[in-house]
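Dropping input31.tsv in here (TSV, C-alpha atoms):
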```tsv
chain	number	residue	atom	x	y	z
F	1	MET	CA	0.11	-45.37	-26.03
F	2	GLU	CA	1.87	-48.74	-25.85
F	3	ILE	CA	0.13	-52.12	-25.70
F	4	ASN	CA	1.91	-55.48	-25.54
F	5	GLY	CA	5.15	-53.69	-26.42
F	6	TYR	CA	3.66	-52.12	-29.58
F	7	LYS	CA	3.43	-48.35	-30.07
F	8	ILE	CA	-0.15	-47.47	-30.93
F	9	GLU	CA	0.02	-44.31	-33.06
F	10	PRO	CA	-0.86	-43.05	-36.54
F	11	GLY	CA	1.21	-44.72	-39.25
F	12	ALA	CA	2.58	-47.36	-36.86
F	13	ASN	CA	4.22	-50.48	-38.31
F	14	LEU	CA	2.26	-53.26	-36.61
F	15	ILE	CA	2.84	-56.06	-39.12
F	16	GLY	CA	2.02	-59.37	-37.44
F	17	ALA	CA	1.37	-57.70	-34.06
F	18	ASN	CA	-0.43	-59.75	-31.43
F	19	LEU	CA	-3.08	-57.39	-30.09
F	20	ARG	CA	-5.59	-60.08	-29.16
F	21	GLY	CA	-8.06	-58.75	-26.61
F	22	ALA	CA	-6.41	-55.32	-26.51
F	23	ASP	CA	-8.45	-52.28	-25.50
F	24	LEU	CA	-7.94	-49.92	-28.45
F	25	ASN	CA	-11.08	-47.90	-27.79
F	26	GLY	CA	-10.64	-44.56	-29.57
F	27	ALA	CA	-7.03	-45.30	-30.61
F	28	ASN	CA	-5.66	-43.36	-33.57
F	29	LEU	CA	-4.21	-45.94	-35.96
F	30	SER	CA	-4.86	-44.02	-39.16
F	31	GLY	CA	-2.47	-45.15	-41.88
F	32	ALA	CA	-1.06	-47.93	-39.67
F	33	ASN	CA	0.18	-51.16	-41.23
F	34	LEU	CA	-1.65	-53.98	-39.44
F	35	TRP	CA	-1.02	-56.61	-42.11
F	36	ASN	CA	-1.41	-60.09	-40.64
F	37	ALA	CA	-2.03	-58.66	-37.12
F	38	ASN	CA	-4.07	-60.58	-34.56
F	39	LEU	CA	-6.88	-58.28	-33.41
F	40	SER	CA	-9.28	-61.02	-32.35
F	41	ASP	CA	-11.43	-60.05	-29.36
F	42	ALA	CA	-9.93	-56.52	-29.43
F	43	ASN	CA	-12.04	-53.48	-28.57
F	44	LEU	CA	-11.68	-51.15	-31.55
F	45	SER	CA	-14.79	-49.10	-30.83
F	46	GLY	CA	-14.32	-45.54	-32.00
F	47	ALA	CA	-10.83	-46.33	-33.30
F	48	LYS	CA	-9.49	-44.22	-36.15
F	49	LEU	CA	-8.39	-46.75	-38.77
F	50	TRP	CA	-8.64	-44.40	-41.74
F	51	GLY	CA	-6.37	-45.72	-44.53
F	52	ALA	CA	-4.99	-48.50	-42.34
F	53	ASN	CA	-3.77	-51.73	-43.91
F	54	LEU	CA	-5.74	-54.54	-42.25
F	55	SER	CA	-5.06	-57.03	-45.01
F	56	ASN	CA	-4.93	-60.61	-43.66
F	57	ALA	CA	-5.64	-59.32	-40.13
F	58	ASN	CA	-7.59	-61.54	-37.75
F	59	LEU	CA	-10.64	-59.49	-36.72
F	60	SER	CA	-12.71	-62.36	-35.33
F	61	ASN	CA	-14.92	-61.18	-32.46
F	62	ALA	CA	-13.34	-57.69	-32.63
F	63	TYR	CA	-15.68	-54.89	-31.54
F	64	LEU	CA	-15.72	-52.27	-34.29
F	65	ALA	CA	-18.70	-50.05	-33.33
F	66	HIS	CA	-18.14	-46.48	-34.55
F	67	ALA	CA	-14.64	-47.32	-35.85
F	68	ASN	CA	-13.60	-45.22	-38.84
F	69	LEU	CA	-12.55	-47.66	-41.57
F	70	THR	CA	-12.66	-45.16	-44.44
F	71	ALA	CA	-10.20	-46.22	-47.17
F	72	ALA	CA	-8.89	-49.08	-45.01
F	73	ASN	CA	-7.60	-52.19	-46.79
F	74	LEU	CA	-9.64	-55.10	-45.40
F	75	SER	CA	-8.76	-57.71	-48.03
F	76	ASN	CA	-8.68	-61.23	-46.57
F	77	ALA	CA	-9.35	-59.85	-43.08
```

I'd like the structure from this file rewritten - as structure tokens, please.
Amino acid sequence: MEINGYKIEPGANLIGANLRGADLNGANLSGANLWNANLSDANLSGAKLWGANLSNANLSNAYLAHANLTAANLSNA
């Protein structure tokens, strides 16, 4: 899957990605590096974010129902 020119897949390098308002419902981003990414208003319901780096990510108004955040780094998010 590709959104805003970014490949959405496990282990993806999405440092600083602008995914504001993106529909990532059920996306597999396990192990992805989303450091400093803009995920505000994004739909992350059911997303697999296991072990993802969300440090410094903007998650304001993001919808995270049923998202798997096991072992995810959420520092300063």

Using all atoms listed in the file, which of the listed residues (F:Ser45, F:Ala52, F:Trp35, F:Asn18) sits closest to Asn76 of chain F?
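The shortest atom-to-atom distance to Asn76 of chain F comes from F:Trp35.
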
At a cut-off of 12 Å around the point (3.4, -44.3, -32.7) (file coordinates), what residues fall inside when counting all atoms listed in the file? I'd like the answer as a compact mmCIF listing (two decimals) with C-alpha atoms, in the frame of the given file.
```txt
# COMPACT_ATOMS: atom_id res chain seq x y z
CA MET F 1 0.11 -45.37 -26.03
CA GLU F 2 1.87 -48.74 -25.85
CA ILE F 3 0.13 -52.12 -25.70
CA GLY F 5 5.15 -53.69 -26.42
CA TYR F 6 3.66 -52.12 -29.58
CA LYS F 7 3.43 -48.35 -30.07
CA ILE F 8 -0.15 -47.47 -30.93
CA GLU F 9 0.02 -44.31 -33.06
CA PRO F 10 -0.86 -43.05 -36.54
CA GLY F 11 1.21 -44.72 -39.25
CA ALA F 12 2.58 -47.36 -36.86
CA ASN F 13 4.22 -50.48 -38.31
CA LEU F 14 2.26 -53.26 -36.61
CA ALA F 27 -7.03 -45.30 -30.61
CA ASN F 28 -5.66 -43.36 -33.57
CA LEU F 29 -4.21 -45.94 -35.96
CA SER F 30 -4.86 -44.02 -39.16
CA GLY F 31 -2.47 -45.15 -41.88
CA ALA F 32 -1.06 -47.93 -39.67
CA ASN F 33 0.18 -51.16 -41.23
```

Output, as lines of an AutoDock Vina configuration file, the centre and edge lengths in Å (one decimal) of the axis-aligned box that contains all listed atoms of segment 13-27 of chain F with 8 Å of margin on each side.
```
center_x = -3.4
center_y = -52.3
center_z = -32.3
size_x = 31.3
size_y = 31.5
size_z = 29.6
```

Can you work out the spacing between atom CA of Ala72 of chain F and atom CA of Asn43 of chain F in Å, to one decimal?
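So the two atoms, atom CA of Ala72 of chain F and atom CA of Asn43 of chain F, lie 17.3 Å apart.
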
So how far away is atom CA of Asn53 of chain F from atom CA of Ser75 of chain F, in Å?
8.8 Å

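What separates atom CA of Gly21 of chain F from atom CA of Asn73 of chain F is a distance of 21.2 Å.
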
Residue nearest Ala65 of chain F among F:Ala47, F:Leu39, F:Ala77, F:Ala17 (counting all atoms listed in the file):
F:Ala47

Nearest residue to Ser55 of chain F from the set F:Ala42, F:Ala67, F:Ile15, F:Asn36 (distances using only C-alpha atoms)
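Counting only C-alpha atoms, the residue closest to Ser55 of chain F is F:Asn36.
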
Considering only C-alpha atoms, can you say which of F:Leu64, F:Asp23, F:Thr70, F:Leu34 comes closest to Gly51 of chain F?
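The closest residue to Gly51 of chain F is F:Thr70.
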
Using all atoms listed in the file: which of F:Leu69, F:Asn61, F:Ala22, F:Gly16 has the shortest distance to Asn4 of chain F
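Ranking F:Leu69, F:Asn61, F:Ala22, F:Gly16 by distance to Asn4 of chain F, first place goes to F:Ala22.
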
Residues near Gly46 of chain F, anyone? I mean within 6 Å using only C-alpha atoms, not counting same-chain ones fewer than 3 positions away, as a VMD selection string.
chain F and resid 25 to 26 66 to 67
